[in-house]
Amino acid sequence: MPAPPLYPVMMANEAKPCPCDMGYMMEYGGVGQEVQIEHIKAYLVKPPSDSDKAIIIIQDIYGWQLPNTRYMADMLASNGYIAVCPDFYIGKEPWSPSQDWSTFQQWLEDKKPTNINKEVDAVLRFLKSQCGALRIGAVGFCWGGVATHYLALQYPEVRAGVSVYGIIREREDRYELKSPTLFIFGEKDDVIPLDQVSVLEKNLQEKCTGVDYHVKVFPGQTHGFVHRKREDINTTDQPCIQEARTDILNWLQKYM
């Protein structure tokens with residue numbers, strides 16, 4: 001897809017900055033439409049031709065309406081997938097870069113990425129009954145990366161997952177994947193340091209049997225690089241951004 005128009009950087013709270021860097025927010029409207037899925041609002045975009053393959057795109061902390069995330073949904077749709085990005089916060093306010101990071105855990109309390117079964121079940125019903133989806137995958141960013149990791153543990157019917165800079169830390173069963181999962185991280189990620197990535201990979205090697213997975217770290221990249229950096233103005237980062245997006249598409253194609 002062509003790059004969207006130039007967009008401004010959102011201002012952050014400099015007193016207590018969020019390590020989950022906002023990056024750039026696109027001035028991008030999207031080519032899909034907003035729909036109601038039971039109790040959830042969602043952004044839905046269909047591929048150019050009929051498809052029985054669908055992807056659930058799971059938002060980062062900045063919410064389902066973030067133009068950057070809708071751009072990724074549109075990219076997936078342009079590659080042949082029905083793409084749906086539900087509001088997993090169910091109308092609650094997303095995080096804002098102007099907020100004090102010391103209050104993040106309080107904000108997160110009623111938005112746990114491992115407490116989304118009701119919403120996932122509704123979206124799965126919608127994709128099967130209303131969109132004719134027979135093969136369903138998931139791609140999540142940041143908060144959504146944690147949620148995608150969770151889906152890989154709980155929903156074997158989700159045939160493939162891509163967790164982009166997200167990792168479950170608190171569950172004992174977090175290495176027993178039930179669906180093939182690609183984990184993408186940035187080497188310079190202040191939210192998920194490399195030692196945590198190493199622990200994830202080591203334990204997957206020991207405990208994840210019979211299900212494919214891959215852990216990939218992109219050199220020099222920070223949290224949010226896949227969808228919050230502009231590939232056309234971040235020339236140094238451009239190869240990593242494009243390679244990660246290609247990896248996402250290749251993983252989905254392989255398992256769906």
# chains A, B, ... in the order shown; residues from 1 in each chain; ligands from 1
$ select_by_dssp --residues "segment 14-235 of chain A" --states "alpha helix (DSSP H)" --output "ChimeraX atom specification"
/A:67-78,104-108,117-129,143-154,194-207,225-228
$ write_last_selection --atoms "C-alpha atoms" --output "mmCIF file, in the first residue's frame"
data_model
loop_
_atom_site.group_PDB
_atom_site.id
_atom_site.type_symbol
_atom_site.label_atom_id
_atom_site.label_comp_id
_atom_site.auth_asym_id
_atom_site.auth_seq_id
_atom_site.Cartn_x
_atom_site.Cartn_y
_atom_site.Cartn_z
ATOM 1 C CA PRO A 67 -4.989 5.399 12.384
ATOM 2 C CA ASN A 68 -1.697 3.476 12.414
ATOM 3 C CA THR A 69 -3.483 0.282 13.421
ATOM 4 C CA ARG A 70 -6.164 0.781 10.790
ATOM 5 C CA TYR A 71 -3.406 1.229 8.230
ATOM 6 C CA MET A 72 -2.080 -2.208 9.220
ATOM 7 C CA ALA A 73 -5.593 -3.670 8.945
ATOM 8 C CA ASP A 74 -5.898 -2.208 5.456
ATOM 9 C CA MET A 75 -2.498 -3.635 4.529
ATOM 10 C CA LEU A 76 -3.624 -7.112 5.605
ATOM 11 C CA ALA A 77 -6.892 -6.736 3.692
ATOM 12 C CA SER A 78 -5.008 -5.707 0.565
ATOM 13 C CA PHE A 104 -0.496 3.084 33.870
ATOM 14 C CA GLN A 105 -1.142 0.032 36.059
ATOM 15 C CA GLN A 106 -4.248 1.699 37.450
ATOM 16 C CA TRP A 107 -5.436 2.421 33.887
ATOM 17 C CA LEU A 108 -4.721 -1.179 32.892
ATOM 18 C CA ASN A 117 -12.568 -14.161 25.971
ATOM 19 C CA LYS A 118 -16.070 -12.684 25.765
ATOM 20 C CA GLU A 119 -14.970 -10.242 23.066
ATOM 21 C CA VAL A 120 -12.910 -12.816 21.146
ATOM 22 C CA ASP A 121 -15.820 -15.250 21.159
ATOM 23 C CA ALA A 122 -18.136 -12.563 19.754
ATOM 24 C CA VAL A 123 -15.665 -11.640 17.011
ATOM 25 C CA LEU A 124 -15.151 -15.299 16.067
ATOM 26 C CA ARG A 125 -18.913 -15.781 15.780
ATOM 27 C CA PHE A 126 -19.169 -12.673 13.597
ATOM 28 C CA LEU A 127 -16.334 -13.696 11.277
ATOM 29 C CA LYS A 128 -17.757 -17.180 10.787
ATOM 30 C CA SER A 129 -21.453 -16.313 10.445
ATOM 31 C CA TRP A 143 -1.084 -4.589 24.419
ATOM 32 C CA GLY A 144 -2.459 -6.510 21.465
ATOM 33 C CA GLY A 145 0.765 -8.494 21.231
ATOM 34 C CA VAL A 146 0.148 -9.756 24.761
ATOM 35 C CA ALA A 147 -3.462 -10.524 23.786
ATOM 36 C CA THR A 148 -2.291 -12.434 20.701
ATOM 37 C CA HIS A 149 0.083 -14.486 22.843
ATOM 38 C CA TYR A 150 -2.942 -15.239 25.059
ATOM 39 C CA LEU A 151 -5.047 -16.327 22.080
ATOM 40 C CA ALA A 152 -2.272 -18.713 21.056
ATOM 41 C CA LEU A 153 -2.596 -20.372 24.466
ATOM 42 C CA GLN A 154 -6.400 -20.453 24.597
ATOM 43 C CA LEU A 194 16.189 -8.527 25.684
ATOM 44 C CA ASP A 195 16.585 -10.673 28.793
ATOM 45 C CA GLN A 196 12.808 -11.224 28.807
ATOM 46 C CA VAL A 197 12.915 -12.159 25.136
ATOM 47 C CA SER A 198 15.688 -14.652 25.894
ATOM 48 C CA VAL A 199 13.633 -16.217 28.693
ATOM 49 C CA LEU A 200 10.653 -16.519 26.354
ATOM 50 C CA GLU A 201 12.708 -18.242 23.652
ATOM 51 C CA LYS A 202 14.458 -20.580 26.090
ATOM 52 C CA ASN A 203 11.212 -21.721 27.664
ATOM 53 C CA LEU A 204 9.460 -22.129 24.329
ATOM 54 C CA GLN A 205 12.297 -24.429 23.266
ATOM 55 C CA GLU A 206 11.760 -26.534 26.380
ATOM 56 C CA LYS A 207 7.965 -26.479 26.738
ATOM 57 C CA PHE A 225 8.601 0.239 15.188
ATOM 58 C CA VAL A 226 6.411 -1.987 12.990
ATOM 59 C CA HIS A 227 3.358 0.263 12.988
ATOM 60 C CA ARG A 228 4.329 3.559 14.599
#
$ closest_atom_pairs --of "segment 123-205 of chain A" --to "segment 38-53 of chain A" --cutoff "6 Å" --atoms "only C-alpha atoms" --output "Markdown table"
| residue | atom | partner | partner_atom | distance |
| --- | --- | --- | --- | --- |
| A:Gly132 | CA | A:Asp52 | CA | 5.8 |
| A:Ala133 | CA | A:Asp52 | CA | 4.3 |
| A:Leu134 | CA | A:Asp52 | CA | 5.3 |
| A:Arg135 | CA | A:Lys53 | CA | 4.8 |
| A:Ile136 | CA | A:Lys53 | CA | 5.8 |
$ write_last_selection --atoms "N, CA and C atoms" --output "PDB file, in the first residue's frame"
ATOM      1  N   GLY A 132     -18.202 -15.366   6.514  1.00  0.00           N
ATOM      2  CA  GLY A 132     -17.849 -16.615   5.850  1.00  0.00           C
ATOM      3  C   GLY A 132     -16.423 -17.062   6.084  1.00  0.00           C
ATOM      4  N   ALA A 133     -15.829 -16.638   7.197  1.00  0.00           N
ATOM      5  CA  ALA A 133     -14.431 -16.987   7.471  1.00  0.00           C
ATOM      6  C   ALA A 133     -14.316 -18.440   7.925  1.00  0.00           C
ATOM      7  N   LEU A 134     -13.423 -19.164   7.302  1.00  0.00           N
ATOM      8  CA  LEU A 134     -13.147 -20.545   7.667  1.00  0.00           C
ATOM      9  C   LEU A 134     -11.781 -20.683   8.333  1.00  0.00           C
ATOM     10  N   ARG A 135     -10.892 -19.738   8.034  1.00  0.00           N
ATOM     11  CA  ARG A 135      -9.543 -19.738   8.610  1.00  0.00           C
ATOM     12  C   ARG A 135      -9.298 -18.374   9.238  1.00  0.00           C
ATOM     13  N   ILE A 136      -8.961 -18.370  10.509  1.00  0.00           N
ATOM     14  CA  ILE A 136      -8.847 -17.114  11.254  1.00  0.00           C
ATOM     15  C   ILE A 136      -7.499 -17.046  11.951  1.00  0.00           C
TER      16      ILE A 136
END
$ select_by_dssp --residues "segment 16-200 of chain A" --states "strand (DSSP E)" --output "ChimeraX atom specification"
/A:33-37,40-45,53-58,82-86,135-141,158-164,181-186
$ closest_residue --among "A:Asn250, A:Thr209, A:Thr103, A:Gln221" --to "Thr236 of chain A" --atoms "only C-alpha atoms"
A:Gln221
$ closest_residue --among "A:Trp251, A:Tyr175, A:Trp95, A:Tyr165" --to "His223 of chain A" --atoms "only C-alpha atoms"
A:Tyr165
$ residues_around --residues "segment 214-219 of chain A" --least-positions-apart "6" --cutoff "7 Å" --atoms "only C-alpha atoms" --output "list in words"
Thr181, Leu182, Phe183, Ile184, Phe185, Gly186, Glu187, Glu201 and Cys240 of chain A
$ write_last_selection --atoms "all heavy atoms" --output "CSV table (one decimal), in the first residue's frame"
chain,number,residue,atom,x,y,z
A,181,THR,N,2.9,-19.4,16.3
A,181,THR,CA,3.0,-18.0,16.7
A,181,THR,C,4.4,-17.4,16.4
A,181,THR,O,5.4,-18.0,16.7
A,181,THR,CB,2.7,-17.8,18.2
A,181,THR,OG1,1.5,-18.4,18.5
A,181,THR,CG2,2.7,-16.3,18.6
A,182,LEU,N,4.4,-16.2,15.7
A,182,LEU,CA,5.6,-15.5,15.5
A,182,LEU,C,5.6,-14.3,16.5
A,182,LEU,O,4.7,-13.6,16.6
A,182,LEU,CB,5.5,-14.9,14.0
A,182,LEU,CG,6.6,-13.9,13.7
A,182,LEU,CD1,8.0,-14.5,13.7
A,182,LEU,CD2,6.3,-13.3,12.3
A,183,PHE,N,6.8,-14.2,17.2
A,183,PHE,CA,7.0,-13.1,18.1
A,183,PHE,C,8.0,-12.1,17.5
A,183,PHE,O,9.1,-12.6,17.1
A,183,PHE,CB,7.5,-13.6,19.4
A,183,PHE,CG,6.6,-14.5,20.2
A,183,PHE,CD1,6.5,-15.9,20.0
A,183,PHE,CD2,5.7,-14.0,21.1
A,183,PHE,CE1,5.6,-16.7,20.7
A,183,PHE,CE2,4.8,-14.8,21.8
A,183,PHE,CZ,4.8,-16.1,21.6
A,184,ILE,N,7.7,-10.9,17.4
A,184,ILE,CA,8.5,-9.9,16.9
A,184,ILE,C,8.9,-8.8,18.0
A,184,ILE,O,8.0,-8.3,18.6
A,184,ILE,CB,7.9,-9.1,15.7
A,184,ILE,CG1,7.7,-10.1,14.5
A,184,ILE,CG2,8.7,-7.9,15.3
A,184,ILE,CD1,7.0,-9.5,13.3
A,185,PHE,N,10.2,-8.6,18.1
A,185,PHE,CA,10.6,-7.6,19.1
A,185,PHE,C,11.7,-6.6,18.5
A,185,PHE,O,12.3,-6.9,17.5
A,185,PHE,CB,11.3,-8.3,20.3
A,185,PHE,CG,10.4,-9.3,21.0
A,185,PHE,CD1,10.4,-10.6,20.8
A,185,PHE,CD2,9.4,-8.8,21.9
A,185,PHE,CE1,9.6,-11.5,21.4
A,185,PHE,CE2,8.5,-9.7,22.6
A,185,PHE,CZ,8.6,-11.0,22.3
A,186,GLY,N,11.9,-5.5,19.2
A,186,GLY,CA,12.9,-4.6,18.9
A,186,GLY,C,14.1,-4.7,19.8
A,186,GLY,O,13.8,-4.8,21.1
A,187,GLU,N,15.3,-4.6,19.4
A,187,GLU,CA,16.5,-4.8,20.2
A,187,GLU,C,16.5,-3.7,21.3
A,187,GLU,O,17.0,-3.9,22.4
A,187,GLU,CB,17.7,-4.7,19.4
A,187,GLU,CG,19.0,-4.8,20.2
A,187,GLU,CD,20.2,-4.5,19.4
A,187,GLU,OE1,20.1,-3.7,18.3
A,187,GLU,OE2,21.3,-4.9,19.7
A,201,GLU,N,12.2,-17.3,24.7
A,201,GLU,CA,12.7,-18.2,23.7
A,201,GLU,C,13.2,-19.5,24.3
A,201,GLU,O,12.9,-20.6,23.8
A,201,GLU,CB,13.8,-17.6,22.8
A,201,GLU,CG,14.2,-18.4,21.6
A,201,GLU,CD,15.0,-17.6,20.6
A,201,GLU,OE1,15.6,-16.6,21.0
A,201,GLU,OE2,15.0,-17.9,19.4
A,240,CYS,N,14.0,-2.5,8.3
A,240,CYS,CA,13.4,-3.4,9.4
A,240,CYS,C,11.9,-3.3,9.4
A,240,CYS,O,11.2,-4.3,9.7
A,240,CYS,CB,14.0,-2.9,10.8
A,240,CYS,SG,15.7,-3.3,11.1
$ closest_residue --among "A:Ala54, A:Asp190, A:Arg174, A:Cys131" --to "Asn79 of chain A" --atoms "only C-alpha atoms"
A:Ala54
$ decode --residues "segment 60-91 of chain A" --atoms "C-alpha atoms" --output "mmCIF file, in the first residue's frame"
data_model
loop_
_atom_site.group_PDB
_atom_site.id
_atom_site.type_symbol
_atom_site.label_atom_id
_atom_site.label_comp_id
_atom_site.auth_asym_id
_atom_site.auth_seq_id
_atom_site.Cartn_x
_atom_site.Cartn_y
_atom_site.Cartn_z
ATOM 1 C CA ASP A 60 -2.127 -1.282 21.180
ATOM 2 C CA ILE A 61 -2.652 0.863 24.290
ATOM 3 C CA TYR A 62 -3.723 3.790 22.089
ATOM 4 C CA GLY A 63 -6.932 2.042 21.093
ATOM 5 C CA TRP A 64 -8.792 0.574 18.151
ATOM 6 C CA GLN A 65 -9.243 3.930 16.398
ATOM 7 C CA LEU A 66 -5.516 4.658 16.099
ATOM 8 C CA PRO A 67 -4.989 5.399 12.384
ATOM 9 C CA ASN A 68 -1.697 3.476 12.414
ATOM 10 C CA THR A 69 -3.483 0.282 13.421
ATOM 11 C CA ARG A 70 -6.164 0.781 10.790
ATOM 12 C CA TYR A 71 -3.406 1.229 8.230
ATOM 13 C CA MET A 72 -2.080 -2.208 9.220
ATOM 14 C CA ALA A 73 -5.593 -3.670 8.945
ATOM 15 C CA ASP A 74 -5.898 -2.208 5.456
ATOM 16 C CA MET A 75 -2.498 -3.635 4.529
ATOM 17 C CA LEU A 76 -3.624 -7.112 5.605
ATOM 18 C CA ALA A 77 -6.892 -6.736 3.692
ATOM 19 C CA SER A 78 -5.008 -5.707 0.565
ATOM 20 C CA ASN A 79 -3.182 -9.036 0.855
ATOM 21 C CA GLY A 80 -6.368 -11.087 0.784
ATOM 22 C CA TYR A 81 -7.646 -11.163 4.359
ATOM 23 C CA ILE A 82 -10.877 -9.994 5.912
ATOM 24 C CA ALA A 83 -9.471 -7.716 8.611
ATOM 25 C CA VAL A 84 -11.315 -6.705 11.758
ATOM 26 C CA CYS A 85 -10.000 -4.489 14.530
ATOM 27 C CA PRO A 86 -12.414 -4.644 17.489
ATOM 28 C CA ASP A 87 -12.530 -2.244 20.414
ATOM 29 C CA PHE A 88 -11.267 -4.598 23.076
ATOM 30 C CA TYR A 89 -11.543 -1.761 25.623
ATOM 31 C CA ILE A 90 -15.329 -1.781 25.022
ATOM 32 C CA GLY A 91 -15.702 1.983 24.986
#
